[in-house]
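Novice: Next up, entry_22.cif (mmCIF, C-alpha atoms).
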data_run
loop_
_atom_site.label_atom_id
_atom_site.label_comp_id
_atom_site.auth_asym_id
_atom_site.auth_seq_id
_atom_site.Cartn_x
_atom_site.Cartn_y
_atom_site.Cartn_z
CA MET L 1 118.63 162.46 123.72
CA LEU L 2 114.97 161.65 123.15
CA CYS L 3 115.06 162.95 119.57
CA ALA L 4 118.27 161.03 118.85
CA ASP L 5 116.92 157.78 120.33
CA TYR L 6 113.63 157.91 118.44
CA THR L 7 114.79 159.42 115.15
CA PRO L 8 114.65 156.14 113.16
CA LEU L 9 111.15 155.42 114.41
CA ILE L 10 109.99 158.95 113.70
CA ILE L 11 111.34 158.72 110.17
CA TYR L 12 109.66 155.35 109.69
CA THR L 13 106.26 156.40 111.02
CA GLY L 14 106.31 159.94 109.81
CA LEU L 15 104.98 161.05 113.21
CA PRO L 16 106.21 164.19 114.97
CA ILE L 17 107.92 163.51 118.27
CA TYR L 18 104.96 164.69 120.40
CA GLY L 19 102.64 162.33 118.51
CA LEU L 20 104.93 159.40 119.14
CA ILE L 21 105.25 160.27 122.83
CA PHE L 22 101.44 160.39 123.09
CA ILE L 23 101.16 156.88 121.62
CA ILE L 24 103.84 155.50 123.94
CA LEU L 25 102.21 157.07 126.99
CA SER L 26 98.79 155.81 125.93
CA PHE L 27 100.01 152.21 125.93
CA ALA L 28 101.74 152.71 129.28
CA ILE L 29 98.83 154.42 131.03
CA ALA L 30 95.92 152.35 129.68
CA PRO L 31 96.38 149.38 132.06
CA MET L 32 96.56 151.75 135.03
CA ILE L 33 93.04 152.98 134.36
CA TYR L 34 91.56 149.62 135.27
CA ASN L 35 93.84 148.29 137.99
CA GLN L 36 92.56 150.52 140.82
CA SER L 37 96.18 151.03 141.87
CA GLU L 38 95.49 154.28 143.70
CA PHE L 39 93.47 152.32 146.29
CA ASN L 40 94.63 149.69 148.78
CA LEU L 41 91.48 147.56 148.54
CA ARG L 42 90.45 146.55 145.03
CA CYS L 43 87.60 144.52 143.58
CA GLU L 44 87.01 143.39 140.01
CA TRP L 45 85.16 140.59 138.25
CA GLY L 46 86.44 137.37 136.78
CA PRO L 47 89.49 136.58 134.65
CA GLN L 48 90.15 140.17 133.62
CA GLY L 49 89.92 141.19 137.25
CA VAL L 50 92.66 138.70 138.07
CA ALA L 51 94.75 139.87 135.09
CA GLN L 52 94.49 143.53 136.12
CA LEU L 53 94.80 143.25 139.89
CA ALA L 54 96.98 140.24 140.71
CA PRO L 55 100.28 141.68 139.41
CA ILE L 56 100.03 144.80 141.58
CA SER L 57 98.50 143.29 144.74
CA ASP L 58 100.13 141.71 147.78
CA VAL L 59 97.46 139.01 147.96
CA ILE L 60 94.35 138.04 146.01
CA VAL L 61 91.12 136.46 147.26
CA ILE L 62 88.97 134.33 144.94
CA VAL L 63 85.23 134.45 145.74
CA ASP L 64 82.89 131.88 144.19
CA VAL L 65 80.17 131.45 146.80
CA LEU L 66 77.98 128.99 144.85
CA SER L 67 79.99 126.96 145.17
CA PHE L 68 83.76 126.58 144.57
CA SER L 69 84.97 128.76 147.45
CA THR L 70 82.41 127.27 149.84
CA CYS L 71 83.45 123.73 148.86
CA VAL L 72 87.11 124.59 149.35
CA GLU L 73 86.44 126.12 152.77
CA ILE L 74 84.44 123.13 154.03
CA ALA L 75 86.83 120.53 152.61
CA THR L 76 90.07 122.17 153.78
CA ASN L 77 88.52 122.87 157.17
CA ASN L 78 88.22 119.08 157.48
CA GLY L 79 91.87 118.70 156.54
CA ALA L 80 91.46 117.81 152.87
CA ILE L 81 93.86 118.98 150.16
CA ILE L 82 92.06 120.51 147.17
CA PHE L 83 93.63 120.71 143.72
CA PRO L 84 91.83 123.20 141.44
CA TYR L 85 91.48 122.26 137.78
CA ALA L 86 90.10 124.66 135.22
CA MET L 87 88.59 122.26 132.70
CA ARG L 88 85.88 119.62 132.87
CA ASP L 89 87.15 117.39 130.07
CA GLU L 90 88.96 114.06 129.98
CA SER L 91 92.31 115.70 130.71
CA VAL L 92 91.30 116.04 134.35
CA ILE L 93 91.43 112.26 134.75
CA ASP L 94 95.13 112.17 133.90
CA TYR L 95 95.76 115.18 136.10
CA ALA L 96 94.10 113.53 139.10
CA LYS L 97 96.28 110.45 138.57
CA SER L 98 99.39 112.62 138.32
CA VAL L 99 98.78 114.20 141.74
CA ARG L 100 97.50 110.94 143.28
CA ALA L 101 94.11 112.43 144.04
CA GLU L 102 90.47 111.51 143.81
CA LEU L 103 88.39 113.30 141.22
CA ALA L 104 85.26 115.29 141.98
CA SER L 105 82.50 115.66 139.43
CA HIS L 106 80.83 118.91 138.48
CA ARG L 107 77.67 118.68 140.55
CA GLN L 108 75.81 115.41 140.51
CA ARG L 109 73.60 113.76 143.09
CA TRP L 110 75.52 110.50 142.70
CA THR L 111 79.19 110.24 141.77
CA ILE L 112 81.81 107.50 141.80
CA SER L 113 83.90 109.24 144.46
CA GLY L 114 80.92 110.85 146.14
CA TYR L 115 82.53 114.29 145.85
CA SER L 116 81.48 117.18 143.63
CA LEU L 117 81.09 120.95 143.58
CA SER L 118 78.19 120.47 145.99
CA PRO L 119 79.31 121.68 149.44
CA LYS L 120 77.16 118.96 151.02
CA SER L 121 79.24 116.30 149.26
CA VAL L 122 82.43 117.33 151.10
CA LEU L 123 80.85 117.92 154.49
CA GLN L 124 82.33 114.70 155.90
CA ILE L 125 85.45 114.44 153.75
CA PRO L 126 88.24 112.80 155.78
CA ALA L 127 91.41 114.67 156.70
CA GLY L 128 94.24 114.04 154.27
CA THR L 129 91.97 113.36 151.29
CA ARG L 130 93.52 114.63 148.06
CA LEU L 131 90.76 115.85 145.75
CA VAL L 132 90.82 117.46 142.31
CA LEU L 133 87.97 119.95 142.02
CA PRO L 134 87.24 120.98 138.41
CA SER L 135 85.60 124.37 138.07
CA PRO L 136 85.45 126.83 135.16
CA ASN L 137 85.14 129.74 137.59
CA GLY L 138 86.90 129.40 140.95
CA SER L 139 89.51 126.92 139.78
CA PHE L 140 90.20 128.82 136.57
CA LEU L 141 90.73 132.08 138.45
CA THR L 142 92.96 130.44 141.06
CA LEU L 143 95.23 129.00 138.39
CA HIS L 144 95.74 132.41 136.76
CA THR L 145 96.93 134.40 139.79
CA LYS L 146 100.53 133.32 139.02
CA ASN L 147 102.92 134.27 141.84
CA THR L 148 100.48 136.37 143.86
CA PRO L 149 99.53 134.70 147.16
CA THR L 150 95.99 133.38 146.72
CA LEU L 151 93.19 132.64 149.19
CA ALA L 152 89.69 131.22 148.75
CA GLY L 153 87.03 133.30 150.47
CA CYS L 154 83.29 132.99 150.99
CA LEU L 155 80.64 134.09 153.44
CA ARG L 156 81.53 131.30 155.87
CA ASN L 157 85.12 132.46 156.44
CA CYS L 158 85.02 136.13 155.43
CA GLN L 159 86.52 137.59 158.59
CA ALA L 160 89.25 134.96 158.94
CA VAL L 161 90.32 135.39 155.30
CA ALA L 162 90.33 139.18 155.58
CA GLN L 163 92.47 139.15 158.71
CA PHE L 164 94.91 136.66 157.21
CA ALA L 165 95.13 138.57 153.93
CA GLN L 166 96.39 141.67 155.72
CA LYS L 167 99.46 139.74 156.88
CA TYR L 168 100.72 139.91 153.30
CA GLY L 169 100.40 143.68 153.00
CA ASP L 170 97.85 146.44 152.51
CA LYS L 171 97.29 146.00 148.76
CA ILE L 172 94.51 143.43 148.61
CA ALA L 173 92.47 142.33 145.60
CA VAL L 174 89.14 140.58 145.99
CA ILE L 175 87.81 138.83 142.88
CA PRO L 176 84.11 137.91 142.65
CA GLY L 177 84.11 135.07 140.15
CA GLY L 178 80.67 135.45 138.65
CA GLU L 179 79.03 132.82 136.48
CA ARG L 180 78.84 132.14 132.75
CA TRP L 181 75.88 132.59 130.46
CA LYS L 182 75.17 129.22 128.84
CA GLU L 183 74.27 130.86 125.54
CA ASP L 184 77.62 132.51 124.76
CA GLY L 185 79.92 131.85 127.70
CA SER L 186 80.18 135.52 128.64
CA LEU L 187 80.53 136.63 132.24
CA ARG L 188 77.35 136.88 134.32
CA PRO L 189 78.01 139.04 137.41
CA ALA L 190 76.52 137.00 140.26
CA PHE L 191 74.73 138.47 143.27
CA GLU L 192 76.18 135.90 145.67
CA ASP L 193 79.79 136.63 144.67
CA LEU L 194 79.33 140.39 145.01
CA ILE L 195 77.90 139.79 148.48
CA GLY L 196 80.77 137.47 149.39
CA ALA L 197 83.37 139.94 148.16
CA GLY L 198 81.71 142.72 150.12
CA ALA L 199 81.68 140.62 153.28
CA ILE L 200 85.44 140.09 153.05
CA LEU L 201 86.18 143.70 152.16
CA SER L 202 84.08 144.91 155.09
CA TYR L 203 86.68 143.44 157.46
CA LEU L 204 89.67 145.04 155.74
CA ASP L 205 91.34 148.31 156.65
CA GLY L 206 92.43 150.67 153.89
CA SER L 207 91.19 152.87 151.10
CA LEU L 208 88.38 151.30 149.06
CA SER L 209 88.18 151.62 145.30
CA PRO L 210 84.68 152.59 144.09
CA GLU L 211 84.26 148.99 142.90
CA ALA L 212 85.21 147.66 146.34
CA GLU L 213 82.95 150.19 148.06
CA VAL L 214 79.99 149.05 145.95
CA ALA L 215 80.62 145.47 147.09
CA VAL L 216 80.75 146.47 150.76
CA THR L 217 77.63 148.62 150.50
CA THR L 218 75.73 145.82 148.76
CA PHE L 219 76.75 143.30 151.41
CA GLN L 220 75.67 145.61 154.21
CA ALA L 221 72.32 146.20 152.52
CA PHE L 222 71.51 142.46 152.46
CA GLN L 223 73.44 141.28 155.51
CA GLN L 224 70.39 140.78 157.72
CA ASP L 225 68.87 138.10 155.48
CA LEU L 226 71.69 136.46 153.54
CA LEU L 227 69.96 133.11 153.23
CA GLY L 228 66.70 134.64 152.09
CA TYR L 229 68.37 136.62 149.32
CA LEU L 230 70.68 133.81 148.25
CA LYS L 231 67.61 131.62 147.79
CA LYS L 232 65.98 134.34 145.68
CA CYS L 233 68.95 135.25 143.49
CA SER L 234 69.39 133.60 140.08
CA SER L 235 72.16 131.21 141.08
CA GLY L 236 70.30 130.17 144.22
CA LYS L 237 67.07 129.53 142.37
CA GLU L 238 68.92 127.42 139.82
CA LEU L 239 70.43 125.19 142.51
CA ILE L 240 67.17 124.87 144.42
CA GLU L 241 65.37 123.83 141.24
CA LYS L 242 67.98 121.11 140.73
CA GLY L 243 67.54 119.82 144.27
CA PHE L 244 70.53 121.47 145.96
CA GLU L 245 68.80 123.77 148.45
CA SER L 246 71.04 122.53 151.26
CA ASP L 247 74.07 123.80 149.31
CA VAL L 248 72.56 127.28 149.25
CA GLU L 249 71.94 127.08 153.00
CA MET L 250 75.52 126.05 153.75
CA SER L 251 76.87 128.76 151.45
CA ALA L 252 74.79 131.44 153.19
CA ALA L 253 76.23 130.65 156.64
CA TYR L 254 78.00 133.82 157.74
CA ASN L 255 81.29 133.97 159.62
CA VAL L 256 81.06 130.44 160.99
CA SER L 257 84.62 129.34 160.16
CA ASP L 258 88.18 130.42 160.89
CA CYS L 259 89.52 128.26 158.06
CA VAL L 260 91.82 130.07 155.62
CA PRO L 261 92.32 128.08 152.40
CA LEU L 262 95.75 129.05 151.05
CA PHE L 263 96.82 128.04 147.55
CA THR L 264 100.27 126.50 147.78
CA ASP L 265 102.04 123.80 145.74
CA ASN L 266 99.10 123.65 143.31
CA ALA L 267 96.53 122.96 146.02
CA TYR L 268 94.42 124.67 148.65
CA VAL L 269 95.18 123.73 152.26
CA ASN L 270 93.88 125.09 155.53
CA TYR L 271 96.48 127.49 156.87
CA THR L 272 94.72 127.89 160.23
CA PRO L 273 97.05 126.53 162.94
CA GLN L 274 95.62 123.36 164.44
CA ALA L 275 95.09 123.28 168.22
#
Let me see the file written as structure tokens.
Specialist:
Amino acid sequence: MLCADYTPLIIYTGLPIYGLIFIILSFAIAPMIYNQSEFNLRCEWGPQGVAQLAPISDVIVIVDVLSFSTCVEIATNNGAIIFPYAMRDESVIDYAKSVRAELASHRQRWTISGYSLSPKSVLQIPAGTRLVLPSPNGSFLTLHTKNTPTLAGCLRNCQAVAQFAQKYGDKIAVIPGGERWKEDGSLRPAFEDLIGAGAILSYLDGSLSPEAEVAVTTFQAFQQDLLGYLKKCSSGKELIEKGFESDVEMSAAYNVSDCVPLFTDNAYVNYTPQA
């Protein structure tokens, strides 16, 4: 049957049947090398991490500690509704109008709405506020998880997110977002996101991929002084130099929230039942 089915292709390519089978299997197996499918708990960086892990996971957690995930946690914990948007161009203005939401800026000390990617800016955001939050990292990753249930996790809500994630199943992907090098736009693995991913994974039960185990081990190594190390890491130093030290301090707060931001109907909302 195999020879009959593939005869035209074999004639066309001139390949013997075993050569053709090798090529077919190579294309089929290649994605499996990177998707950590033999483990329940997976961890991979950035957009390719989402592409590899989301389709085969029960739930995916986006980690962008400085500062998308932290902003989303604080804002949704106050009852706000956060719409991620991947681009920071003029198209976001029309999008905000289309969803009847206010528009946050990137990270400015003074903005028209008062809201930005600075966690401090959303500290007092009123319940029910609809806010579009543009971000080339956290928002971009969120909008590429497709049909996989998606949560926003950070140091502040690591245990709550981990416990909620397990309600979806035992195949859980945690995605540290990383940052972008300004020179060429390539991915810069970020200390704070590896720590945040490790914090979440440390509360999960199941077999850890080597990538996930590295994240957990790294978190445990720095757990006793999260604020100190976040202030000393590259992303932290950048924010402090720009006058946003309080954002680093809020982002370093560990396990202080039971808020679980769930992405549903194009927006993050707090799934935690209200008392």
Novice: Suppose you want the space between CA of Lys120 (chain L) and CA of Phe68 (chain L); what is it in Å?
Specialist: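 These atoms are spaced 12.0 Å apart.
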Novice: Report, in Å to a single decimal, how far apart CA of Ala199 (chain L) and CA of Phe219 (chain L) are.
Specialist: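 Interatomic distance, CA of Phe219 (chain L) to CA of Ala199 (chain L): 5.9 Å.
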Novice: I'd like to see the residues matched by the PyMOL selection byres ((chain L and resi 264) around 12) on this file, and ideally I'd get them as a list of chain:residue names.
Specialist: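 Checked against the file, the PyMOL selection byres ((chain L and resi 264) around 12) matches L:Ile81, L:Ile82, L:Phe83, L:Pro84, L:Thr142, L:Leu143, L:Thr145, L:Lys146, L:Asn147, L:Thr148, L:Pro149, L:Thr150, L:Leu151, L:Ala152, L:Pro261, L:Leu262, L:Phe263, L:Asp265, L:Asn266, L:Ala267, L:Tyr268, L:Val269, L:Asn270, L:Tyr271.
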Novice: Which is closest to Asn255 (chain L) among L:Leu155, L:Ala86, L:Ala75, L:Ile62, if we use all atoms listed in the file?
Specialist: L:Leu155
Novice: Find the distance between CA of Asn157 (chain L) and CA of Gln220 (chain L) and write it in Å to one decimal.
Specialist: 16.3 Å
Novice: Given the file above and the PyMOL selection byres ((chain L and resi 161-177) around 8), which residues are selected, and can you give them as JSON, numbers by chain?
Specialist: {"L": [39, 40, 41, 42, 43, 44, 45, 46, 47, 49, 50, 53, 54, 56, 57, 58, 59, 60, 61, 62, 63, 64, 137, 138, 141, 151, 152, 153, 157, 158, 159, 160, 178, 179, 189, 190, 193, 194, 196, 197, 200, 201, 203, 204, 205, 206, 258, 259, 260]}
Novice: Select, from L:Leu133, L:Val248, L:Cys154, L:Ile240, the residue with the minimum atom-to-atom distance to Gly198 (chain L), counting only C-alpha atoms.
Specialist: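 Closest candidate: L:Cys154.
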Novice: Counting all atoms listed in the file, which residue out of L:Gly236, L:Gly128, L:Gly228, L:Pro210 sits closest to Val65 (chain L)?
Specialist: L:Gly236
Novice: Kindly indicate which residue among L:Glu192, L:Met250, L:Glu38, L:Pro134 lies nearest to Tyr95 (chain L), using only C-alpha atoms for the distances.
Specialist: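 Of the candidates, the smallest distance to Tyr95 (chain L) is held by L:Pro134.
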Novice: Draw an axis-aligned box tight on the listed atoms of region 88-93 of chain L, then pad every side by 5 Å and write out centre and edge lengths in Å to one decimal as JSON.
Specialist:
{"center_x": 89.1, "center_y": 115.9, "center_z": 132.4, "size_x": 16.4, "size_y": 17.4, "size_z": 14.8}
Novice: From the list L:Leu66, L:Gln48, L:Ile125, L:Asp225, which residue is nearest Phe140 (chain L) when using only C-alpha atoms?
Specialist: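 Counting only C-alpha atoms, the residue closest to Phe140 (chain L) is L:Gln48.
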Novice: At a cut-off of 8 Å around the point (70.6, 129.9, 155.1) (file coordinates), what residues fall inside when counting only C-alpha atoms? I'd like the answer as an MDAnalysis selection string.
Specialist: chainID L and resid 226:228 230 248:253
Novice: Looking at only C-alpha atoms, which of L:Arg88, L:Arg156, L:Lys231, L:Arg180 is the one that sits closest to Ser135 (chain L)?
Specialist: L:Arg88
